[in-house]
Structure formats: C-alpha cells, structure tokens
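Colleague: One structure follows; several queries about it will come next.
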Amino acid sequence: LSLVLLAGAGLLSATLLKLSKVNPGFDSHSMLTAETSLPDVKYKTDAQQAAFYDLLLDKVRAIPGVLGVAGVSVLPLSGNNMSIGFSLEGEPRGEGVAPQHGEMLDVVTTDFFSVMKIPLKSGRLFTAQDDSAATPVIIINEAFAKKYYPGQNPLGKRISAGYNSDTLRAVIGVVGDVHRQALDKDAAPAMYLAYHQASYPGMTLLVRTREGAANVPAALRGALASLDPDQTLGRILPMETVLSTSLSRQRFSASLLGIFAMVALALSAVGIFGVMTAMVTQRTRELAVRLALGAHPRKVLQLVMSHGAWLAGIGIVIGLFGAFALSRVVAGLLYDVKSSDPATLVSVSLLLAAVALLACYIPARRATRLDPIITLREE
C-alpha cells in the first residue's frame, strides 16, 4: 500500500514539475494584473468605455516603474473564458443565421501583444489607427490558422465575428499560441479584436513593471480614483501568482497523496521493525547456537537482513501491481508523464527498499550482540 501511494505521489509530483516548465505563450515575469469593470448605466456607449480606458492607460503609463500597460477582456489562465460564434468568408451569415463555428475571443488594447510579449508570426499588430472609423480587422493565433486555414496564408482572409455577425473583419496578423484554459491543455484557437472596434466594459489591466517597483499597486488605485472615484480596482496580483494558482488542482492532489504516502511509509517501517524484532526474539536460541559454534556476527546480520529483505521484496512486487492499477486512476491528472513511468516506479521502489532495510537493520544488529552463554543459560 505504501508503494502504491508513493508511486501516485511521484507521478503527480513529476507532472507538477513538468507543468511548471511549460511555456504559457507569454512572459509572466514582473507583470501585475488588476480587474476593472465599467457600469453600463454610467458608461452607456462603446465610445465612452473606450475613452475611459484610453485615459486610464495613459495615467498608468506615467507611473514611475511602469514599463508598459495593456488591457484584455479575459485574463489567460484565470479560469474564465469567452467564446463567440463566427463564420468564415463565403459561409452563411447575417441576422437569423447561426454562426458556423465557435472559438475563444478576446478584446485587447493596442499594446497587449507587446506587453505580454506574445510573438508576432506574420502580418502586423493592432495600431491606434484601428479605430471605429477604420476597416474592421482581427488577429488570430497559430492554432486558429492551422485549424481553419491549413496550408493557406490567412492574411487578408475575412471572418464575421464579434458584436455584429454581419461584419467581415480582415485578418491582419497571426500571433503565437497562448495557454488560456490550463497549462496541461493545448493552446486552443483564438481570435483578438481591437477594443476601439469592439469596446468591452470589463477589462483586466496588465502592467509590466521594473524589478522592485513596490509603488505601482497603490499608484494604480490612485490613477483609477482620479478618473472616477466611484470605480474600484479588483485584486492586484502578480501574473506569476495567476500561473501558480492555475496549478492548484495538481498541487493539491500531489500534496494529499504525498501525505498519505509518507504516513503509509512510516507505518510500513514501524511494521517491518516490529516483525523483525519478533522474529529475532523467536529465533534467539538458534542465533545464540550459531554464534556459539563460531558463526561470525556478520553472518548473523546477513541472515536476519536477508529474511527482512525477502519479505520487503514480496511487498514491493505486490505493490508494483497495485501501482500499475492506480496509474489508470490518476492518468487524467498527468501531463507529459506516462502513467507507468519507469523512473518513478524504480525510484519509489528503491526508497521503500531502503526504508525496509533500515527497519530490518536495528533488530539484526541487536541479534549480533547476543551473548551465547547468557542466552543459552536463560533458554
């Protein structure tokens, strides 16, 4: 049982280590996040919402220690997602026509990709000229291009997506993929709209700062209050905290199984120690006779240890079968780790074997210190 739990904890720990090294598709270092939301009663039109965020971003850029700021409708890896229906050019669209497809969509500010350090693969990014008076445009990620435009150049293709399903938006750029839902899931196809062309009342601020810029959180609240005292800023969190929180399920599972494994390991060590102590007690006369006839204490030590190692070996073999059965249960929690990972199984087997031998050593050592004369006289 101890080996089964150790194997499960080892597999989940290996998964957690793998996930911590996954590239999310953006740079989370030295970045703060904060949610904002504008009430429809006060900011009724798209133009009012866009104008407010323009002023807010300008004020945040002026804060000492801020290297860049952007906004996004849904923060990646926050646990939230926004999907929207769309149709490709040439497919049926318009009022009363159901969209042909559905994928994730974000409304972003002009500097979103540069602040997040999401690479541009082809085409161009949004500029200040992509406003409500300009030609409607859209940016897609590589996963979207591969799925809907395999073997084609997506630049110039048109998509009807957004708040007016009859509007065709030209694809102006293709950017790198971002893990939006979870690090253990492949990056999904995604589309990006310029917020001047598709205003959104709720935005998450992304603020890239210099190292040690401790003044920024308070300054962010001050910048918002100076524009509208009635507005509040959500929790200000480092993007690295958001990444860490996205792994909470795997971390909890690994920790819980690890605790159970350590308890089982301790119980197995105590149990083996008790069994071996009882065995030495029962074979005291035999061991004393062996010593009296000239057996070297090392031979007695080996005799007791081999008996304990044999019992532990049987337990480990049985435990390995149990570990293979458990691997099917935890397979859904694993990432880039085989459920029967040889390195993990060998490691936990060696760990359990070492604990078992240590538990055997103490009674075995005690057996070598028997005084044959005293022991046989007592017997």
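Labeling convention for the structure tokens: chains A, B, ... as they appear, residues from 1 per chain, ligands from 1 in order of appearance.
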Show me, as a PDB file with N, CA, C and O atoms, in the first residue's frame, the residues that have an atom within 10 Å of A:Gln231 when counting only C-alpha atoms, minus same-chain residues fewer than 3 positions from it.
Modeller:
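New file result-v5.pdb:
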```pdb
ATOM      1  N   THR A  36     -10.943  45.502 -13.816  1.00  0.00           N
ATOM      2  CA  THR A  36     -11.802  46.682 -13.742  1.00  0.00           C
ATOM      3  C   THR A  36     -13.100  46.377 -14.487  1.00  0.00           C
ATOM      4  O   THR A  36     -13.142  45.498 -15.344  1.00  0.00           O
ATOM      5  N   SER A  37     -14.144  47.120 -14.146  1.00  0.00           N
ATOM      6  CA  SER A  37     -15.423  46.939 -14.819  1.00  0.00           C
ATOM      7  C   SER A  37     -16.198  48.245 -14.778  1.00  0.00           C
ATOM      8  O   SER A  37     -16.341  48.858 -13.716  1.00  0.00           O
ATOM      9  N   LEU A  38     -16.692  48.672 -15.936  1.00  0.00           N
ATOM     10  CA  LEU A  38     -17.440  49.922 -16.034  1.00  0.00           C
ATOM     11  C   LEU A  38     -18.937  49.624 -16.052  1.00  0.00           C
ATOM     12  O   LEU A  38     -19.391  48.784 -16.831  1.00  0.00           O
ATOM     13  N   PRO A  39     -19.720  50.302 -15.231  1.00  0.00           N
ATOM     14  CA  PRO A  39     -21.171  50.070 -15.216  1.00  0.00           C
ATOM     15  C   PRO A  39     -21.832  50.627 -16.476  1.00  0.00           C
ATOM     16  O   PRO A  39     -21.520  51.730 -16.922  1.00  0.00           O
ATOM     17  N   ARG A 221      -4.359  52.209  -8.044  1.00  0.00           N
ATOM     18  CA  ARG A 221      -5.631  52.588  -7.423  1.00  0.00           C
ATOM     19  C   ARG A 221      -5.828  54.104  -7.477  1.00  0.00           C
ATOM     20  O   ARG A 221      -6.945  54.591  -7.695  1.00  0.00           O
ATOM     21  N   LEU A 224      -6.965  55.175 -11.019  1.00  0.00           N
ATOM     22  CA  LEU A 224      -8.379  54.913 -11.278  1.00  0.00           C
ATOM     23  C   LEU A 224      -9.264  55.892 -10.515  1.00  0.00           C
ATOM     24  O   LEU A 224     -10.247  56.418 -11.059  1.00  0.00           O
ATOM     25  N   ALA A 225      -8.915  56.162  -9.248  1.00  0.00           N
ATOM     26  CA  ALA A 225      -9.720  57.077  -8.437  1.00  0.00           C
ATOM     27  C   ALA A 225      -9.700  58.495  -8.991  1.00  0.00           C
ATOM     28  O   ALA A 225     -10.688  59.228  -8.882  1.00  0.00           O
ATOM     29  N   SER A 226      -8.598  58.889  -9.598  1.00  0.00           N
ATOM     30  CA  SER A 226      -8.515  60.243 -10.152  1.00  0.00           C
ATOM     31  C   SER A 226      -9.435  60.422 -11.355  1.00  0.00           C
ATOM     32  O   SER A 226      -9.864  61.541 -11.651  1.00  0.00           O
ATOM     33  N   LEU A 227      -9.734  59.321 -12.065  1.00  0.00           N
ATOM     34  CA  LEU A 227     -10.639  59.401 -13.211  1.00  0.00           C
ATOM     35  C   LEU A 227     -12.094  59.257 -12.791  1.00  0.00           C
ATOM     36  O   LEU A 227     -12.970  59.950 -13.319  1.00  0.00           O
ATOM     37  N   ASP A 228     -12.351  58.355 -11.875  1.00  0.00           N
ATOM     38  CA  ASP A 228     -13.715  58.107 -11.416  1.00  0.00           C
ATOM     39  C   ASP A 228     -13.658  57.523 -10.004  1.00  0.00           C
ATOM     40  O   ASP A 228     -13.368  56.341  -9.839  1.00  0.00           O
ATOM     41  N   GLY A 234     -10.035  45.683  -8.866  1.00  0.00           N
ATOM     42  CA  GLY A 234     -10.006  44.357  -8.255  1.00  0.00           C
ATOM     43  C   GLY A 234      -8.647  44.053  -7.646  1.00  0.00           C
ATOM     44  O   GLY A 234      -7.744  44.891  -7.611  1.00  0.00           O
TER      45      GLY A 234
END
```
Colleague: Excluding same-chain residues fewer than 2 positions from stretch 178-194 of chain A, what lies within 7 Å of it counting only C-alpha atoms, as a PyMOL selection string?
Modeller: chain A and resi 19+22+24-26+76-77+79+103-110+126+130+138-141+143-144+176+196-198+246+335
Colleague: Return the single residue from A:Val329, A:Ile159, A:Asp111, A:Leu12 that is closest to A:Leu57, with distances computed using only C-alpha atoms.
Modeller: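 Smallest distance to A:Leu57 is found for A:Asp111.
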Colleague: From the list A:Ala353, A:Leu16, A:Met305, A:Ile63, which residue is nearest A:Ala219 when using only C-alpha atoms?
Modeller: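 Residue with the minimum atom-to-atom distance to A:Ala219: A:Ile63.
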Colleague: Pick out the residues sitting within 12 Å of A:Thr344, and hand them over as a PDB file with C-alpha atoms, in the first residue's frame; count only C-alpha atoms, and ignore anything fewer than 6 positions along from it in its own chain.
Modeller:
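Produced file selection-v8.pdb, reproduced below:
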```pdb
ATOM      1  CA  LEU A   3       4.428   1.737  -2.627  1.00  0.00           C
ATOM      2  CA  VAL A   4       1.093   2.329  -4.386  1.00  0.00           C
ATOM      3  CA  LEU A   5       0.693   5.698  -2.673  1.00  0.00           C
ATOM      4  CA  LEU A   6       4.334   6.619  -3.217  1.00  0.00           C
ATOM      5  CA  ALA A   7       4.014   5.838  -6.920  1.00  0.00           C
ATOM      6  CA  GLY A   8       0.906   8.028  -7.208  1.00  0.00           C
ATOM      7  CA  ALA A   9       2.567  10.891  -5.350  1.00  0.00           C
ATOM      8  CA  GLY A  10       5.680  10.523  -7.514  1.00  0.00           C
ATOM      9  CA  LEU A  11       3.682  10.642 -10.760  1.00  0.00           C
ATOM     10  CA  LEU A  12       1.747  13.731  -9.669  1.00  0.00           C
ATOM     11  CA  SER A  13       4.936  15.426  -8.480  1.00  0.00           C
ATOM     12  CA  ALA A  14       6.567  14.729 -11.838  1.00  0.00           C
ATOM     13  CA  THR A  15       3.506  16.212 -13.547  1.00  0.00           C
ATOM     14  CA  LEU A 320       4.084  -2.607  -8.176  1.00  0.00           C
ATOM     15  CA  ALA A 323       0.813   0.913  -8.655  1.00  0.00           C
ATOM     16  CA  PHE A 324       0.016  -0.102 -12.238  1.00  0.00           C
ATOM     17  CA  SER A 327      -1.844   4.663 -12.604  1.00  0.00           C
ATOM     18  CA  VAL A 337       4.285  11.747 -17.805  1.00  0.00           C
ATOM     19  CA  LYS A 338       3.435   8.117 -18.551  1.00  0.00           C
ATOM     20  CA  LEU A 350      14.303   1.892  -4.089  1.00  0.00           C
ATOM     21  CA  LEU A 351      13.024   4.332  -1.466  1.00  0.00           C
TER      22      LEU A 351
END
```
Colleague: Going by DSSP on the backbone, which bits of stretch 279-339 of chain A are alpha helix (DSSP H)? Write them as a ChimeraX atom specification, please.
Modeller: /A:279-282,284-292,297-330
Colleague: Write out the residues from the selection above, keeping C-alpha atoms, as a PDB file, in the first residue's frame.
Modeller:
```pdb
ATOM      1  CA  MET A 279      11.479 -12.818  14.527  1.00  0.00           C
ATOM      2  CA  VAL A 280      14.777 -12.200  16.312  1.00  0.00           C
ATOM      3  CA  THR A 281      13.093 -12.854  19.660  1.00  0.00           C
ATOM      4  CA  GLN A 282      11.637 -16.131  18.422  1.00  0.00           C
ATOM      5  CA  THR A 284      17.126 -16.162  19.858  1.00  0.00           C
ATOM      6  CA  ARG A 285      18.195 -19.728  20.755  1.00  0.00           C
ATOM      7  CA  GLU A 286      19.047 -20.588  17.147  1.00  0.00           C
ATOM      8  CA  LEU A 287      21.092 -17.404  16.711  1.00  0.00           C
ATOM      9  CA  ALA A 288      22.890 -17.991  20.011  1.00  0.00           C
ATOM     10  CA  VAL A 289      23.825 -21.533  18.955  1.00  0.00           C
ATOM     11  CA  ARG A 290      25.164 -20.221  15.648  1.00  0.00           C
ATOM     12  CA  LEU A 291      27.311 -17.677  17.482  1.00  0.00           C
ATOM     13  CA  ALA A 292      28.479 -20.316  19.986  1.00  0.00           C
ATOM     14  CA  PRO A 297      28.356 -11.759  13.734  1.00  0.00           C
ATOM     15  CA  ARG A 298      28.339 -10.505  10.131  1.00  0.00           C
ATOM     16  CA  LYS A 299      26.800 -13.819   9.007  1.00  0.00           C
ATOM     17  CA  VAL A 300      24.071 -13.465  11.633  1.00  0.00           C
ATOM     18  CA  LEU A 301      23.457  -9.905  10.460  1.00  0.00           C
ATOM     19  CA  GLN A 302      23.164 -11.105   6.883  1.00  0.00           C
ATOM     20  CA  LEU A 303      20.786 -13.903   7.908  1.00  0.00           C
ATOM     21  CA  VAL A 304      18.360 -11.548   9.617  1.00  0.00           C
ATOM     22  CA  MET A 305      18.675  -8.854   6.940  1.00  0.00           C
ATOM     23  CA  SER A 306      18.075 -11.328   4.102  1.00  0.00           C
ATOM     24  CA  HIS A 307      14.895 -12.521   5.793  1.00  0.00           C
ATOM     25  CA  GLY A 308      13.631  -8.951   6.090  1.00  0.00           C
ATOM     26  CA  ALA A 309      14.710  -8.103   2.545  1.00  0.00           C
ATOM     27  CA  TRP A 310      12.814 -11.143   1.233  1.00  0.00           C
ATOM     28  CA  LEU A 311       9.604 -10.027   2.946  1.00  0.00           C
ATOM     29  CA  ALA A 312      10.067  -6.440   1.754  1.00  0.00           C
ATOM     30  CA  GLY A 313      10.763  -7.653  -1.780  1.00  0.00           C
ATOM     31  CA  ILE A 314       7.499  -9.593  -1.849  1.00  0.00           C
ATOM     32  CA  GLY A 315       5.670  -6.480  -0.666  1.00  0.00           C
ATOM     33  CA  ILE A 316       7.332  -4.324  -3.305  1.00  0.00           C
ATOM     34  CA  VAL A 317       6.395  -6.719  -6.116  1.00  0.00           C
ATOM     35  CA  ILE A 318       2.788  -6.803  -4.939  1.00  0.00           C
ATOM     36  CA  GLY A 319       2.900  -3.013  -4.587  1.00  0.00           C
ATOM     37  CA  LEU A 320       4.084  -2.607  -8.176  1.00  0.00           C
ATOM     38  CA  PHE A 321       0.995  -4.415  -9.441  1.00  0.00           C
ATOM     39  CA  GLY A 322      -1.094  -2.088  -7.304  1.00  0.00           C
ATOM     40  CA  ALA A 323       0.813   0.913  -8.655  1.00  0.00           C
ATOM     41  CA  PHE A 324       0.016  -0.102 -12.238  1.00  0.00           C
ATOM     42  CA  ALA A 325      -3.663  -0.301 -11.283  1.00  0.00           C
ATOM     43  CA  LEU A 326      -3.539   3.115  -9.585  1.00  0.00           C
ATOM     44  CA  SER A 327      -1.844   4.663 -12.604  1.00  0.00           C
ATOM     45  CA  ARG A 328      -5.058   4.270 -14.586  1.00  0.00           C
ATOM     46  CA  VAL A 329      -6.937   6.212 -11.909  1.00  0.00           C
ATOM     47  CA  VAL A 330      -4.523   9.166 -11.883  1.00  0.00           C
TER      48      VAL A 330
END
```
